[in-house]
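Undergrad: My structure is stored as model_24.cif, with mmCIF, N, CA and C atoms.
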data_start
#
loop_
_atom_site.label_atom_id
_atom_site.label_comp_id
_atom_site.auth_asym_id
_atom_site.auth_seq_id
_atom_site.Cartn_x
_atom_site.Cartn_y
_atom_site.Cartn_z
N MET P 1 -54.09 -32.85 -14.73
CA MET P 1 -53.39 -31.69 -14.25
C MET P 1 -52.14 -32.12 -13.51
N ALA P 2 -51.17 -31.30 -13.49
CA ALA P 2 -49.89 -31.67 -12.91
C ALA P 2 -49.93 -31.72 -11.39
N GLY P 3 -50.85 -31.07 -10.77
CA GLY P 3 -50.89 -31.00 -9.32
C GLY P 3 -51.49 -32.22 -8.66
N GLY P 4 -52.12 -33.05 -9.39
CA GLY P 4 -52.66 -34.26 -8.80
C GLY P 4 -54.17 -34.24 -8.69
N ALA P 5 -54.80 -33.09 -8.71
CA ALA P 5 -56.26 -33.01 -8.64
C ALA P 5 -56.81 -32.87 -10.05
N LYS P 6 -57.97 -33.44 -10.30
CA LYS P 6 -58.58 -33.33 -11.62
C LYS P 6 -59.26 -31.99 -11.74
N SER P 7 -59.24 -31.45 -12.96
CA SER P 7 -59.83 -30.13 -13.16
C SER P 7 -61.33 -30.13 -12.94
N SER P 8 -61.99 -31.26 -13.12
CA SER P 8 -63.44 -31.32 -12.95
C SER P 8 -63.83 -31.37 -11.47
N ASP P 9 -62.88 -31.75 -10.57
CA ASP P 9 -63.17 -31.84 -9.15
C ASP P 9 -63.40 -30.46 -8.54
N GLY P 10 -62.56 -29.53 -8.95
CA GLY P 10 -62.58 -28.24 -8.28
C GLY P 10 -61.92 -28.32 -6.92
N GLY P 11 -61.16 -29.43 -6.68
CA GLY P 11 -60.51 -29.62 -5.38
C GLY P 11 -59.19 -28.87 -5.27
N VAL P 12 -58.64 -28.93 -4.12
CA VAL P 12 -57.38 -28.27 -3.82
C VAL P 12 -56.22 -29.11 -4.35
N ILE P 13 -55.20 -28.43 -4.92
CA ILE P 13 -54.01 -29.13 -5.40
C ILE P 13 -53.17 -29.44 -4.17
N SER P 14 -52.98 -30.70 -3.89
CA SER P 14 -52.28 -31.09 -2.67
C SER P 14 -50.87 -31.63 -2.91
N ASP P 15 -50.49 -31.88 -4.16
CA ASP P 15 -49.16 -32.39 -4.47
C ASP P 15 -48.29 -31.27 -5.02
N ILE P 16 -46.98 -31.38 -4.80
CA ILE P 16 -46.03 -30.41 -5.34
C ILE P 16 -45.35 -31.02 -6.54
N ASN P 17 -45.30 -30.28 -7.62
CA ASN P 17 -44.65 -30.75 -8.84
C ASN P 17 -43.18 -30.30 -8.78
N VAL P 18 -42.26 -31.23 -8.67
CA VAL P 18 -40.84 -30.91 -8.55
C VAL P 18 -40.11 -30.93 -9.88
N THR P 19 -40.81 -31.20 -10.96
CA THR P 19 -40.16 -31.26 -12.27
C THR P 19 -39.48 -29.94 -12.66
N PRO P 20 -40.12 -28.78 -12.48
CA PRO P 20 -39.42 -27.53 -12.81
C PRO P 20 -38.18 -27.31 -11.94
N LEU P 21 -38.24 -27.70 -10.68
CA LEU P 21 -37.09 -27.56 -9.79
C LEU P 21 -35.93 -28.42 -10.28
N VAL P 22 -36.22 -29.66 -10.67
CA VAL P 22 -35.19 -30.56 -11.18
C VAL P 22 -34.60 -30.00 -12.47
N ASP P 23 -35.46 -29.46 -13.34
CA ASP P 23 -34.97 -28.87 -14.59
C ASP P 23 -34.01 -27.72 -14.32
N ILE P 24 -34.36 -26.86 -13.40
CA ILE P 24 -33.50 -25.71 -13.06
C ILE P 24 -32.18 -26.19 -12.47
N MET P 25 -32.24 -27.16 -11.58
CA MET P 25 -31.02 -27.68 -10.97
C MET P 25 -30.10 -28.34 -12.00
N LEU P 26 -30.66 -29.06 -12.93
CA LEU P 26 -29.84 -29.68 -13.98
C LEU P 26 -29.20 -28.62 -14.86
N CYS P 27 -29.94 -27.57 -15.18
CA CYS P 27 -29.37 -26.46 -15.96
C CYS P 27 -28.22 -25.79 -15.21
N LEU P 28 -28.41 -25.54 -13.92
CA LEU P 28 -27.34 -24.94 -13.12
C LEU P 28 -26.12 -25.86 -13.05
N LEU P 29 -26.36 -27.16 -12.91
CA LEU P 29 -25.26 -28.13 -12.88
C LEU P 29 -24.47 -28.08 -14.18
N VAL P 30 -25.14 -28.03 -15.30
CA VAL P 30 -24.46 -27.96 -16.60
C VAL P 30 -23.67 -26.66 -16.70
N ILE P 31 -24.24 -25.55 -16.27
CA ILE P 31 -23.54 -24.26 -16.32
C ILE P 31 -22.27 -24.32 -15.47
N PHE P 32 -22.36 -24.83 -14.25
CA PHE P 32 -21.17 -24.93 -13.39
C PHE P 32 -20.12 -25.86 -13.98
N MET P 33 -20.56 -26.97 -14.57
CA MET P 33 -19.60 -27.89 -15.17
C MET P 33 -18.87 -27.24 -16.33
N VAL P 34 -19.57 -26.48 -17.15
CA VAL P 34 -18.94 -25.82 -18.30
C VAL P 34 -17.99 -24.73 -17.85
N THR P 35 -18.40 -23.91 -16.87
CA THR P 35 -17.53 -22.81 -16.43
C THR P 35 -16.30 -23.31 -15.69
N THR P 36 -16.41 -24.37 -14.92
CA THR P 36 -15.22 -24.87 -14.23
C THR P 36 -14.22 -25.48 -15.19
N SER P 37 -14.67 -26.01 -16.31
CA SER P 37 -13.72 -26.54 -17.28
C SER P 37 -12.90 -25.41 -17.90
N TYR P 38 -13.47 -24.22 -18.04
CA TYR P 38 -12.71 -23.08 -18.56
C TYR P 38 -11.71 -22.57 -17.53
N VAL P 39 -12.06 -22.61 -16.27
CA VAL P 39 -11.16 -22.13 -15.22
C VAL P 39 -9.94 -23.02 -15.12
N VAL P 40 -10.12 -24.32 -15.20
CA VAL P 40 -9.02 -25.27 -15.06
C VAL P 40 -8.17 -25.32 -16.32
N ALA P 41 -8.70 -24.94 -17.46
CA ALA P 41 -8.00 -25.09 -18.73
C ALA P 41 -6.81 -24.15 -18.88
N ASP P 42 -6.57 -23.22 -17.93
CA ASP P 42 -5.46 -22.29 -18.04
C ASP P 42 -4.10 -22.95 -17.83
N SER P 43 -4.05 -24.10 -17.21
CA SER P 43 -2.77 -24.74 -16.94
C SER P 43 -2.46 -25.78 -18.01
N ILE P 44 -1.17 -26.03 -18.18
CA ILE P 44 -0.71 -27.03 -19.14
C ILE P 44 -0.30 -28.26 -18.35
N LYS P 45 -0.86 -29.39 -18.70
CA LYS P 45 -0.52 -30.62 -18.00
C LYS P 45 0.78 -31.16 -18.56
N MET P 46 1.72 -31.46 -17.66
CA MET P 46 3.02 -31.98 -18.07
C MET P 46 3.41 -33.13 -17.17
N ASP P 47 4.16 -34.05 -17.71
CA ASP P 47 4.73 -35.13 -16.93
C ASP P 47 6.20 -34.79 -16.74
N LEU P 48 6.53 -34.18 -15.60
CA LEU P 48 7.89 -33.70 -15.35
C LEU P 48 8.78 -34.82 -14.85
N PRO P 49 10.05 -34.78 -15.23
CA PRO P 49 10.99 -35.79 -14.73
C PRO P 49 11.34 -35.51 -13.26
N GLU P 50 11.76 -36.56 -12.57
CA GLU P 50 12.14 -36.44 -11.17
C GLU P 50 13.66 -36.46 -11.06
N ALA P 51 14.18 -35.75 -10.04
CA ALA P 51 15.62 -35.76 -9.77
C ALA P 51 15.82 -35.81 -8.26
N SER P 52 16.78 -36.60 -7.84
CA SER P 52 17.02 -36.75 -6.40
C SER P 52 17.67 -35.51 -5.79
N THR P 53 18.33 -34.70 -6.62
CA THR P 53 18.98 -33.50 -6.08
C THR P 53 18.13 -32.26 -6.24
N GLY P 54 17.00 -32.37 -6.87
CA GLY P 54 16.14 -31.21 -7.09
C GLY P 54 15.41 -30.82 -5.82
N GLY P 55 15.21 -29.55 -5.67
CA GLY P 55 14.48 -29.05 -4.51
C GLY P 55 13.42 -28.08 -4.97
N GLY P 56 12.45 -27.86 -4.13
CA GLY P 56 11.38 -26.93 -4.46
C GLY P 56 11.84 -25.49 -4.30
N THR P 57 11.16 -24.62 -4.97
CA THR P 57 11.45 -23.20 -4.85
C THR P 57 10.67 -22.66 -3.67
N GLU P 58 11.38 -22.15 -2.71
CA GLU P 58 10.74 -21.57 -1.55
C GLU P 58 10.35 -20.14 -1.87
N PRO P 59 9.07 -19.83 -1.79
CA PRO P 59 8.69 -18.45 -2.06
C PRO P 59 9.15 -17.53 -0.94
N SER P 60 9.61 -16.37 -1.31
CA SER P 60 10.02 -15.37 -0.35
C SER P 60 8.92 -14.32 -0.27
N THR P 61 8.41 -14.10 0.91
CA THR P 61 7.31 -13.16 1.07
C THR P 61 7.83 -11.82 1.56
N VAL P 62 7.38 -10.76 0.90
CA VAL P 62 7.73 -9.40 1.27
C VAL P 62 6.49 -8.77 1.86
N MET P 63 6.58 -8.32 3.10
CA MET P 63 5.46 -7.66 3.76
C MET P 63 5.63 -6.15 3.60
N ILE P 64 4.68 -5.51 2.92
CA ILE P 64 4.74 -4.08 2.69
C ILE P 64 3.55 -3.44 3.38
N ALA P 65 3.81 -2.44 4.20
CA ALA P 65 2.74 -1.73 4.90
C ALA P 65 2.84 -0.24 4.58
N PHE P 66 1.68 0.37 4.38
CA PHE P 66 1.62 1.80 4.10
C PHE P 66 0.71 2.42 5.14
N THR P 67 1.24 3.32 5.94
CA THR P 67 0.45 3.93 7.01
C THR P 67 0.29 5.42 6.76
N VAL P 68 -0.81 5.94 7.28
CA VAL P 68 -1.08 7.37 7.22
C VAL P 68 -1.44 7.81 8.63
N ASP P 69 -0.66 8.75 9.18
CA ASP P 69 -0.93 9.28 10.51
C ASP P 69 -2.14 10.19 10.42
N GLN P 70 -3.19 9.90 11.20
CA GLN P 70 -4.42 10.67 11.11
C GLN P 70 -4.24 12.10 11.58
N ALA P 71 -3.39 12.31 12.57
CA ALA P 71 -3.21 13.65 13.11
C ALA P 71 -2.40 14.54 12.16
N SER P 72 -1.24 14.05 11.75
CA SER P 72 -0.35 14.89 10.93
C SER P 72 -0.50 14.64 9.43
N GLY P 73 -1.08 13.51 9.05
CA GLY P 73 -1.22 13.18 7.63
C GLY P 73 0.06 12.64 7.02
N ALA P 74 1.07 12.36 7.86
CA ALA P 74 2.36 11.85 7.36
C ALA P 74 2.18 10.44 6.84
N ARG P 75 2.77 10.17 5.68
CA ARG P 75 2.72 8.86 5.06
C ARG P 75 4.04 8.14 5.27
N GLN P 76 3.95 6.83 5.61
CA GLN P 76 5.16 6.07 5.86
C GLN P 76 5.03 4.69 5.24
N LEU P 77 6.11 4.22 4.63
CA LEU P 77 6.18 2.92 4.00
C LEU P 77 7.04 2.01 4.87
N TYR P 78 6.58 0.78 5.09
CA TYR P 78 7.32 -0.19 5.89
C TYR P 78 7.59 -1.43 5.06
N LEU P 79 8.77 -1.99 5.24
CA LEU P 79 9.16 -3.24 4.59
C LEU P 79 9.50 -4.24 5.67
N ASN P 80 8.73 -5.29 5.78
CA ASN P 80 8.92 -6.32 6.81
C ASN P 80 9.02 -5.71 8.21
N GLY P 81 8.20 -4.70 8.47
CA GLY P 81 8.12 -4.09 9.80
C GLY P 81 9.10 -2.96 10.05
N GLU P 82 9.97 -2.64 9.10
CA GLU P 82 10.94 -1.57 9.30
C GLU P 82 10.67 -0.44 8.31
N LYS P 83 10.84 0.82 8.77
CA LYS P 83 10.62 1.97 7.91
C LYS P 83 11.54 1.92 6.70
N THR P 84 11.00 2.30 5.57
CA THR P 84 11.77 2.28 4.34
C THR P 84 11.23 3.34 3.39
N ASP P 85 11.86 3.44 2.23
CA ASP P 85 11.37 4.32 1.18
C ASP P 85 11.31 3.50 -0.12
N GLU P 86 10.79 4.10 -1.17
CA GLU P 86 10.61 3.37 -2.42
C GLU P 86 11.91 2.82 -3.02
N PRO P 87 13.01 3.62 -3.09
CA PRO P 87 14.24 3.06 -3.65
C PRO P 87 14.78 1.86 -2.85
N SER P 88 14.67 1.92 -1.54
CA SER P 88 15.13 0.80 -0.71
C SER P 88 14.25 -0.43 -0.91
N LEU P 89 12.95 -0.19 -1.07
CA LEU P 89 12.03 -1.29 -1.32
C LEU P 89 12.36 -1.96 -2.65
N ARG P 90 12.59 -1.15 -3.68
CA ARG P 90 12.95 -1.69 -4.99
C ARG P 90 14.26 -2.49 -4.91
N ALA P 91 15.24 -1.96 -4.20
CA ALA P 91 16.53 -2.64 -4.07
C ALA P 91 16.38 -3.98 -3.34
N HIS P 92 15.56 -4.00 -2.29
CA HIS P 92 15.34 -5.24 -1.54
C HIS P 92 14.68 -6.30 -2.43
N ILE P 93 13.68 -5.90 -3.19
CA ILE P 93 13.00 -6.85 -4.08
C ILE P 93 13.96 -7.36 -5.15
N GLN P 94 14.77 -6.48 -5.71
CA GLN P 94 15.74 -6.90 -6.73
C GLN P 94 16.76 -7.86 -6.14
N GLY P 95 17.17 -7.63 -4.88
CA GLY P 95 18.09 -8.55 -4.21
C GLY P 95 17.50 -9.93 -4.07
N LEU P 96 16.21 -10.01 -3.75
CA LEU P 96 15.55 -11.31 -3.64
C LEU P 96 15.42 -11.97 -5.01
N LYS P 97 15.12 -11.17 -6.03
CA LYS P 97 15.00 -11.71 -7.38
C LYS P 97 16.35 -12.22 -7.90
N ASP P 98 17.45 -11.54 -7.50
CA ASP P 98 18.79 -11.97 -7.92
C ASP P 98 19.16 -13.31 -7.29
N ASP P 99 18.59 -13.60 -6.11
CA ASP P 99 18.85 -14.88 -5.44
C ASP P 99 18.02 -16.01 -6.05
N LYS P 100 17.33 -15.72 -7.16
CA LYS P 100 16.51 -16.70 -7.87
C LYS P 100 15.37 -17.25 -7.01
N LYS P 101 14.88 -16.42 -6.11
CA LYS P 101 13.76 -16.83 -5.28
C LYS P 101 12.46 -16.35 -5.92
N GLU P 102 11.42 -17.15 -5.72
CA GLU P 102 10.10 -16.72 -6.15
C GLU P 102 9.58 -15.75 -5.10
N VAL P 103 9.33 -14.52 -5.49
CA VAL P 103 8.96 -13.48 -4.54
C VAL P 103 7.47 -13.20 -4.65
N GLN P 104 6.85 -13.13 -3.50
CA GLN P 104 5.45 -12.73 -3.43
C GLN P 104 5.32 -11.63 -2.39
N ALA P 105 4.31 -10.78 -2.52
CA ALA P 105 4.16 -9.63 -1.65
C ALA P 105 2.79 -9.64 -0.98
N VAL P 106 2.77 -9.17 0.26
CA VAL P 106 1.53 -8.93 0.98
C VAL P 106 1.52 -7.45 1.30
N ILE P 107 0.50 -6.75 0.80
CA ILE P 107 0.43 -5.30 0.93
C ILE P 107 -0.69 -4.95 1.89
N ALA P 108 -0.36 -4.13 2.89
CA ALA P 108 -1.35 -3.65 3.85
C ALA P 108 -1.33 -2.13 3.82
N ALA P 109 -2.50 -1.53 3.91
CA ALA P 109 -2.59 -0.07 3.91
C ALA P 109 -3.69 0.36 4.87
N ASP P 110 -3.50 1.54 5.47
CA ASP P 110 -4.51 2.11 6.36
C ASP P 110 -5.81 2.37 5.60
N LYS P 111 -6.92 2.40 6.34
CA LYS P 111 -8.21 2.70 5.73
C LYS P 111 -8.21 4.08 5.08
N ILE P 112 -7.52 5.02 5.70
CA ILE P 112 -7.59 6.39 5.18
C ILE P 112 -6.59 6.64 4.06
N ALA P 113 -5.80 5.64 3.71
CA ALA P 113 -4.89 5.79 2.56
C ALA P 113 -5.75 5.87 1.31
N SER P 114 -5.35 6.75 0.39
CA SER P 114 -6.15 6.92 -0.82
C SER P 114 -5.98 5.71 -1.75
N HIS P 115 -6.96 5.55 -2.58
CA HIS P 115 -6.94 4.46 -3.56
C HIS P 115 -5.72 4.59 -4.46
N GLY P 116 -5.40 5.81 -4.84
CA GLY P 116 -4.25 6.06 -5.72
C GLY P 116 -2.93 5.65 -5.08
N GLU P 117 -2.80 5.86 -3.77
CA GLU P 117 -1.56 5.48 -3.08
C GLU P 117 -1.39 3.97 -3.05
N VAL P 118 -2.48 3.26 -2.81
CA VAL P 118 -2.41 1.80 -2.79
C VAL P 118 -2.09 1.27 -4.19
N ILE P 119 -2.72 1.84 -5.20
CA ILE P 119 -2.45 1.42 -6.59
C ILE P 119 -0.99 1.71 -6.94
N HIS P 120 -0.45 2.82 -6.44
CA HIS P 120 0.96 3.15 -6.70
C HIS P 120 1.88 2.07 -6.12
N ILE P 121 1.57 1.58 -4.92
CA ILE P 121 2.39 0.53 -4.30
C ILE P 121 2.25 -0.78 -5.09
N ILE P 122 1.04 -1.11 -5.52
CA ILE P 122 0.84 -2.32 -6.33
C ILE P 122 1.61 -2.20 -7.64
N ASP P 123 1.57 -1.02 -8.25
CA ASP P 123 2.30 -0.79 -9.49
C ASP P 123 3.81 -0.91 -9.27
N LEU P 124 4.30 -0.39 -8.17
CA LEU P 124 5.72 -0.49 -7.84
C LEU P 124 6.14 -1.95 -7.72
N VAL P 125 5.32 -2.75 -7.04
CA VAL P 125 5.62 -4.17 -6.85
C VAL P 125 5.62 -4.90 -8.20
N LYS P 126 4.64 -4.58 -9.04
CA LYS P 126 4.57 -5.23 -10.35
C LYS P 126 5.75 -4.82 -11.25
N GLN P 127 6.17 -3.56 -11.15
CA GLN P 127 7.31 -3.11 -11.95
C GLN P 127 8.58 -3.87 -11.59
N GLU P 128 8.69 -4.29 -10.34
CA GLU P 128 9.87 -5.03 -9.90
C GLU P 128 9.76 -6.52 -10.18
N GLY P 129 8.70 -6.94 -10.84
CA GLY P 129 8.60 -8.33 -11.28
C GLY P 129 7.84 -9.25 -10.35
N ILE P 130 7.20 -8.73 -9.32
CA ILE P 130 6.41 -9.58 -8.44
C ILE P 130 5.01 -9.67 -9.03
N LEU P 131 4.64 -10.86 -9.44
CA LEU P 131 3.33 -11.06 -10.03
C LEU P 131 2.32 -11.61 -9.04
N LYS P 132 2.81 -12.21 -7.96
CA LYS P 132 1.92 -12.75 -6.94
C LYS P 132 1.92 -11.79 -5.75
N PHE P 133 0.77 -11.20 -5.51
CA PHE P 133 0.65 -10.32 -4.35
C PHE P 133 -0.76 -10.42 -3.79
N ALA P 134 -0.90 -10.04 -2.53
CA ALA P 134 -2.19 -10.07 -1.87
C ALA P 134 -2.35 -8.78 -1.09
N LEU P 135 -3.60 -8.39 -0.91
CA LEU P 135 -3.91 -7.22 -0.09
C LEU P 135 -4.37 -7.72 1.26
N ASN P 136 -3.75 -7.22 2.31
CA ASN P 136 -4.05 -7.65 3.66
C ASN P 136 -5.27 -6.90 4.16
N ILE P 137 -6.24 -7.61 4.73
CA ILE P 137 -7.43 -7.00 5.27
C ILE P 137 -7.69 -7.54 6.67
N GLN P 138 -8.58 -6.90 7.36
CA GLN P 138 -8.99 -7.39 8.67
C GLN P 138 -10.40 -7.88 8.52
N SER P 139 -10.65 -9.12 8.98
CA SER P 139 -11.98 -9.67 8.85
C SER P 139 -12.92 -9.00 9.85
N PRO P 140 -14.19 -8.88 9.54
CA PRO P 140 -15.14 -8.22 10.44
C PRO P 140 -15.22 -8.93 11.78
N GLY P 141 -15.31 -8.15 12.83
CA GLY P 141 -15.45 -8.70 14.16
C GLY P 141 -14.15 -9.04 14.85
N SER P 142 -13.01 -8.81 14.21
CA SER P 142 -11.75 -9.15 14.90
C SER P 142 -10.95 -7.93 15.19
#
Would you kindly transcribe this structure into structure tokens?

TA:
Amino acid sequence: MAGGAKSSDGGVISDINVTPLVDIMLCLLVIFMVTTSYVVADSIKMDLPEASTGGGTEPSTVMIAFTVDQASGARQLYLNGEKTDEPSLRAHIQGLKDDKKEVQAVIAADKIASHGEVIHIIDLVKQEGILKFALNIQSPGS
């Protein structure tokens, strides 16, 4: 018997058989190895030339905040801490894109802002060519 006691003894099994545990762990290891190879495969490996005058592209971050006043229900859009509207936001992003900067956005919205309003802001950012964006959240307890 796998437990260490003979079946004719009628004794208590006192050993633990770890073979099934090892089998499960090896299967999980294989699954993780296979899935991580698919995640990494999205990039193309290249050997790029070096230049002494070349510089890195500094990403330009656009901070977008959408607030909803609980008392009046007034909605307000902010760009880098200053009140703005959609056309001004689009113009600012286009100005950064014209400067050949890599633009990324951080979007923050009030809890009571509707899902549709947040999606509208994300859509606006994507329409202007910003593909890298993040949603700002507050971690629990802070």

Undergrad: Could you jot down the atom CA of Lys111 of chain P to atom CA of Ser60 of chain P separation for me, Å, one decimal place?

TA: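 Taking atom CA of Lys111 of chain P as the start and atom CA of Ser60 of chain P as the end point, the length is 26.4 Å.
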
Undergrad: Give me the residues within 7 Å of segment 127-141 of chain P as a VMD selection string, counting only N, CA and C atoms and dropping any in the same chain fewer than 6 places off.

TA: chain P and resid 90 93 to 94 103 to 109

Undergrad: In terms of the shortest atom-to-atom distance over all atoms listed in the file, which of P:Val22, P:Val12, P:Ile64, P:Leu96 is closest to Tyr78 of chain P?

TA: P:Ile64

Undergrad: Figure out the distance between atom C of Ile119 of chain P and atom CA of Val62 of chain P, please, to one decimal in Å.

TA: 16.3 Å

Undergrad: State, in Å with one decimal place, the distance from atom CA of Met63 of chain P to atom CA of Val125 of chain P.

TA: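 Separation of atom CA of Met63 of chain P and atom CA of Val125 of chain P: 11.2 Å.
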
Undergrad: Can you work out which one of P:Ala65, P:Val34, P:Glu102, P:Ile112 has the shortest atom-to-atom distance to Thr84 of chain P, counting only C-alpha atoms?

TA: P:Ala65

Undergrad: Written as JSON, numbers by chain, what is the full residue list that the PyMOL selection byres ((chain P and resi 68) around 8) yields on the file shown?

TA: {"P": [65, 66, 67, 69, 70, 71, 72, 73, 74, 75, 76, 77, 109, 110, 111, 112, 113]}

Undergrad: When DSSP is applied to the backbone of this structure, which of segment 61-104 of chain P are assigned strand (DSSP E)? Write them out as a list in words.

TA: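 Matching residues for strand (DSSP E) in segment 61-104 of chain P are Thr61, Val62, Met63, Ile64, Ala65, Phe66, Thr67, Val68, Arg75, Gln76, Leu77, Tyr78, Leu79, Glu82, Lys83, Thr84, Glu102, Val103 and Gln104 of chain P.
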
Undergrad: May I ask which of the residues P:Ile31, P:Thr61, P:Asp15, P:Ile121 is the closest one to Lys97 of chain P, counting only C-alpha atoms?

TA: P:Thr61
